[in-house]
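**Q** Here's a structure for you.
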Amino acid sequence: MKRLSYYPSEPGPFTIVMPNRDLPAKGWNSRMGPGWSWMAVSGPFSGDRGPSAKYRFGVFEEENQARADLQQLLDEGNHVQDGGKAASVLRGAGSGELILVANTNWAFGLYRVEDGEHCAGAGCSFYDGWIVGLENDPQRARHINSEAGYGRPMVFTASG
């Protein structure tokens, strides 16, 4: 697993991800914090090529609003193979920042965006922080890769 190398400041066709509806009914802000956002990382186990991220490019006022938006993407099943399984794991996860490893092709981050911080920059930092933890625990990283290879989505929070 590798860290992300950069984050874009503006959305583009290869850097944005969203559910089928563009904007949620409520709780939506600009791309700057404070609030919550989420991201999708393709190729989290991609070896030399490294991962690439797609960002929601929006900040929600509350965690539950950002989580519901990510939940909708997974429930739609258009972005992740067997999104229903990943959605079920996300539903059972506790509150707070998290990484959801859906399979070997996709991981998702739900994270806090601080006041004045860009949502993509916050996501990049959050994901890279998780990767640093895995670099320090290679046995855990191998376990995650193995479980993802068997199609078993997993959630990781600050507490474990």
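Chain identifiers are assigned as A, B, and so on, following the order in which chains appear in the structure tokens; residues are numbered from 1 within each chain, and ligands are numbered from 1 in order of appearance.
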Would you give me, as an NGL selection string, the residues in chain A that DSSP reads as alpha helix (DSSP H)?
**A** :A and (63-76 or 83-91 or 119-135 or 138-149)
**Q** Can you write just those residues out, N, CA and C atoms, as a short mmCIF file (atom, residue, chain, number, x, y, z; two decimals), in the first residue's frame?
**A**
data_model
loop_
_atom_site.label_atom_id
_atom_site.label_comp_id
_atom_site.auth_asym_id
_atom_site.auth_seq_id
_atom_site.Cartn_x
_atom_site.Cartn_y
_atom_site.Cartn_z
N GLU A 63 -21.09 14.90 10.40
CA GLU A 63 -20.58 13.59 10.00
C GLU A 63 -21.67 12.72 9.40
N ASN A 64 -22.84 12.68 10.05
CA ASN A 64 -23.90 11.79 9.58
C ASN A 64 -24.36 12.15 8.17
N GLN A 65 -24.26 13.41 7.77
CA GLN A 65 -24.63 13.81 6.42
C GLN A 65 -23.62 13.29 5.40
N ALA A 66 -22.34 13.41 5.72
CA ALA A 66 -21.30 12.88 4.82
C ALA A 66 -21.38 11.36 4.74
N ARG A 67 -21.62 10.72 5.87
CA ARG A 67 -21.74 9.26 5.91
C ARG A 67 -22.93 8.80 5.06
N ALA A 68 -24.06 9.50 5.17
CA ALA A 68 -25.24 9.14 4.38
C ALA A 68 -24.96 9.29 2.88
N ASP A 69 -24.20 10.30 2.51
CA ASP A 69 -23.85 10.52 1.11
C ASP A 69 -22.98 9.37 0.59
N LEU A 70 -21.96 8.99 1.37
CA LEU A 70 -21.12 7.85 1.00
C LEU A 70 -21.95 6.57 0.97
N GLN A 71 -22.81 6.41 1.95
CA GLN A 71 -23.68 5.24 2.02
C GLN A 71 -24.51 5.11 0.74
N GLN A 72 -25.02 6.24 0.26
CA GLN A 72 -25.82 6.21 -0.96
C GLN A 72 -25.00 5.72 -2.15
N LEU A 73 -23.77 6.21 -2.27
CA LEU A 73 -22.90 5.76 -3.36
C LEU A 73 -22.73 4.25 -3.32
N LEU A 74 -22.46 3.71 -2.14
CA LEU A 74 -22.25 2.27 -2.00
C LEU A 74 -23.53 1.50 -2.26
N ASP A 75 -24.66 1.98 -1.75
CA ASP A 75 -25.94 1.31 -1.96
C ASP A 75 -26.32 1.27 -3.44
N GLU A 76 -25.96 2.31 -4.19
CA GLU A 76 -26.29 2.34 -5.62
C GLU A 76 -25.57 1.23 -6.38
N GLY A 83 -21.24 -3.42 -3.94
CA GLY A 83 -21.33 -2.26 -3.05
C GLY A 83 -22.24 -2.49 -1.86
N GLY A 84 -23.22 -3.38 -2.01
CA GLY A 84 -24.14 -3.68 -0.91
C GLY A 84 -23.42 -4.26 0.30
N LYS A 85 -22.43 -5.10 0.05
CA LYS A 85 -21.66 -5.69 1.15
C LYS A 85 -20.86 -4.61 1.87
N ALA A 86 -20.22 -3.72 1.10
CA ALA A 86 -19.46 -2.62 1.70
C ALA A 86 -20.40 -1.66 2.44
N ALA A 87 -21.57 -1.41 1.86
CA ALA A 87 -22.55 -0.53 2.50
C ALA A 87 -23.01 -1.10 3.84
N SER A 88 -23.18 -2.41 3.89
CA SER A 88 -23.59 -3.06 5.13
C SER A 88 -22.52 -2.91 6.21
N VAL A 89 -21.27 -3.05 5.83
CA VAL A 89 -20.16 -2.89 6.79
C VAL A 89 -20.12 -1.44 7.28
N LEU A 90 -20.32 -0.49 6.38
CA LEU A 90 -20.32 0.92 6.78
C LEU A 90 -21.47 1.21 7.75
N ARG A 91 -22.63 0.63 7.50
CA ARG A 91 -23.78 0.83 8.40
C ARG A 91 -23.47 0.37 9.82
N CYS A 119 -11.17 20.26 1.25
CA CYS A 119 -11.65 18.90 1.49
C CYS A 119 -10.73 17.84 0.89
N ALA A 120 -10.16 18.08 -0.29
CA ALA A 120 -9.27 17.08 -0.89
C ALA A 120 -7.95 16.99 -0.13
N GLY A 121 -7.43 18.11 0.32
CA GLY A 121 -6.20 18.10 1.11
C GLY A 121 -6.38 17.35 2.41
N ALA A 122 -7.53 17.56 3.05
CA ALA A 122 -7.82 16.85 4.30
C ALA A 122 -7.91 15.35 4.06
N GLY A 123 -8.53 14.97 2.94
CA GLY A 123 -8.65 13.55 2.61
C GLY A 123 -7.31 12.91 2.34
N CYS A 124 -6.48 13.59 1.59
CA CYS A 124 -5.14 13.09 1.28
C CYS A 124 -4.35 12.88 2.57
N SER A 125 -4.38 13.85 3.45
CA SER A 125 -3.65 13.75 4.73
C SER A 125 -4.19 12.61 5.59
N PHE A 126 -5.52 12.48 5.62
CA PHE A 126 -6.13 11.43 6.43
C PHE A 126 -5.73 10.04 5.92
N TYR A 127 -5.86 9.84 4.62
CA TYR A 127 -5.51 8.55 4.03
C TYR A 127 -4.03 8.24 4.23
N ASP A 128 -3.18 9.22 3.96
CA ASP A 128 -1.74 9.00 4.11
C ASP A 128 -1.37 8.69 5.56
N GLY A 129 -2.07 9.29 6.52
CA GLY A 129 -1.84 8.96 7.92
C GLY A 129 -2.15 7.50 8.21
N TRP A 130 -3.21 6.99 7.62
CA TRP A 130 -3.58 5.59 7.79
C TRP A 130 -2.50 4.69 7.19
N ILE A 131 -2.00 5.06 6.01
CA ILE A 131 -0.96 4.28 5.35
C ILE A 131 0.31 4.25 6.20
N VAL A 132 0.68 5.37 6.81
CA VAL A 132 1.86 5.40 7.68
C VAL A 132 1.69 4.37 8.80
N GLY A 133 0.48 4.29 9.36
CA GLY A 133 0.23 3.29 10.39
C GLY A 133 0.44 1.87 9.88
N LEU A 134 0.04 1.61 8.63
CA LEU A 134 0.23 0.28 8.05
C LEU A 134 1.70 0.02 7.71
N GLU A 135 2.42 1.05 7.33
CA GLU A 135 3.86 0.89 7.07
C GLU A 135 4.58 0.46 8.34
N PRO A 138 3.48 -4.05 9.11
CA PRO A 138 3.33 -4.79 7.85
C PRO A 138 2.47 -6.04 7.96
N GLN A 139 2.45 -6.67 9.13
CA GLN A 139 1.61 -7.86 9.30
C GLN A 139 0.13 -7.47 9.16
N ARG A 140 -0.24 -6.37 9.75
CA ARG A 140 -1.62 -5.89 9.63
C ARG A 140 -1.95 -5.55 8.18
N ALA A 141 -1.02 -4.91 7.48
CA ALA A 141 -1.22 -4.56 6.08
C ALA A 141 -1.45 -5.81 5.23
N ARG A 142 -0.67 -6.87 5.46
CA ARG A 142 -0.86 -8.12 4.72
C ARG A 142 -2.22 -8.73 5.02
N HIS A 143 -2.64 -8.66 6.28
CA HIS A 143 -3.95 -9.19 6.67
C HIS A 143 -5.08 -8.44 5.94
N ILE A 144 -4.99 -7.13 5.88
CA ILE A 144 -6.00 -6.33 5.20
C ILE A 144 -6.05 -6.69 3.72
N ASN A 145 -4.89 -6.80 3.09
CA ASN A 145 -4.83 -7.16 1.68
C ASN A 145 -5.45 -8.53 1.45
N SER A 146 -5.16 -9.47 2.33
CA SER A 146 -5.71 -10.82 2.21
C SER A 146 -7.23 -10.82 2.35
N GLU A 147 -7.73 -10.16 3.37
CA GLU A 147 -9.19 -10.11 3.58
C GLU A 147 -9.89 -9.43 2.41
N ALA A 148 -9.31 -8.35 1.91
CA ALA A 148 -9.90 -7.65 0.77
C ALA A 148 -9.90 -8.56 -0.46
N GLY A 149 -8.85 -9.35 -0.62
CA GLY A 149 -8.77 -10.28 -1.74
C GLY A 149 -9.86 -11.33 -1.70
#
**Q** Mind listing the strand (DSSP E or B) residues of chain A, per DSSP on the backbone, as number ranges by chain?
**A** A: 16, 28, 32-33, 35-42, 52-55, 60, 98-101, 106-113, 115, 118, 154-157
**Q** Taking only C-alpha atoms into account, name the residue in A:Phe156, A:Ser30, A:Ser9, A:Leu4 that is nearest to Gly50 of chain A.
**A**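 Between A:Phe156, A:Ser30, A:Ser9, A:Leu4, the residue approaching Gly50 of chain A most closely is A:Leu4.
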**Q** So, with only C-alpha atoms as the atoms that count, which of A:Trp38, A:Phe60, A:Phe108, A:Phe45 lies closest to Val155 of chain A?
**A**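 Among the listed residues, A:Phe108 lies closest to Val155 of chain A.
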**Q** Would you mind telling me which residue in A:Arg3, A:Gly35, A:Gly94, A:Ala158 lies nearest to Arg49 of chain A when using only C-alpha atoms?
**A**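 Distance minimum relative to Arg49 of chain A lands on A:Arg3.
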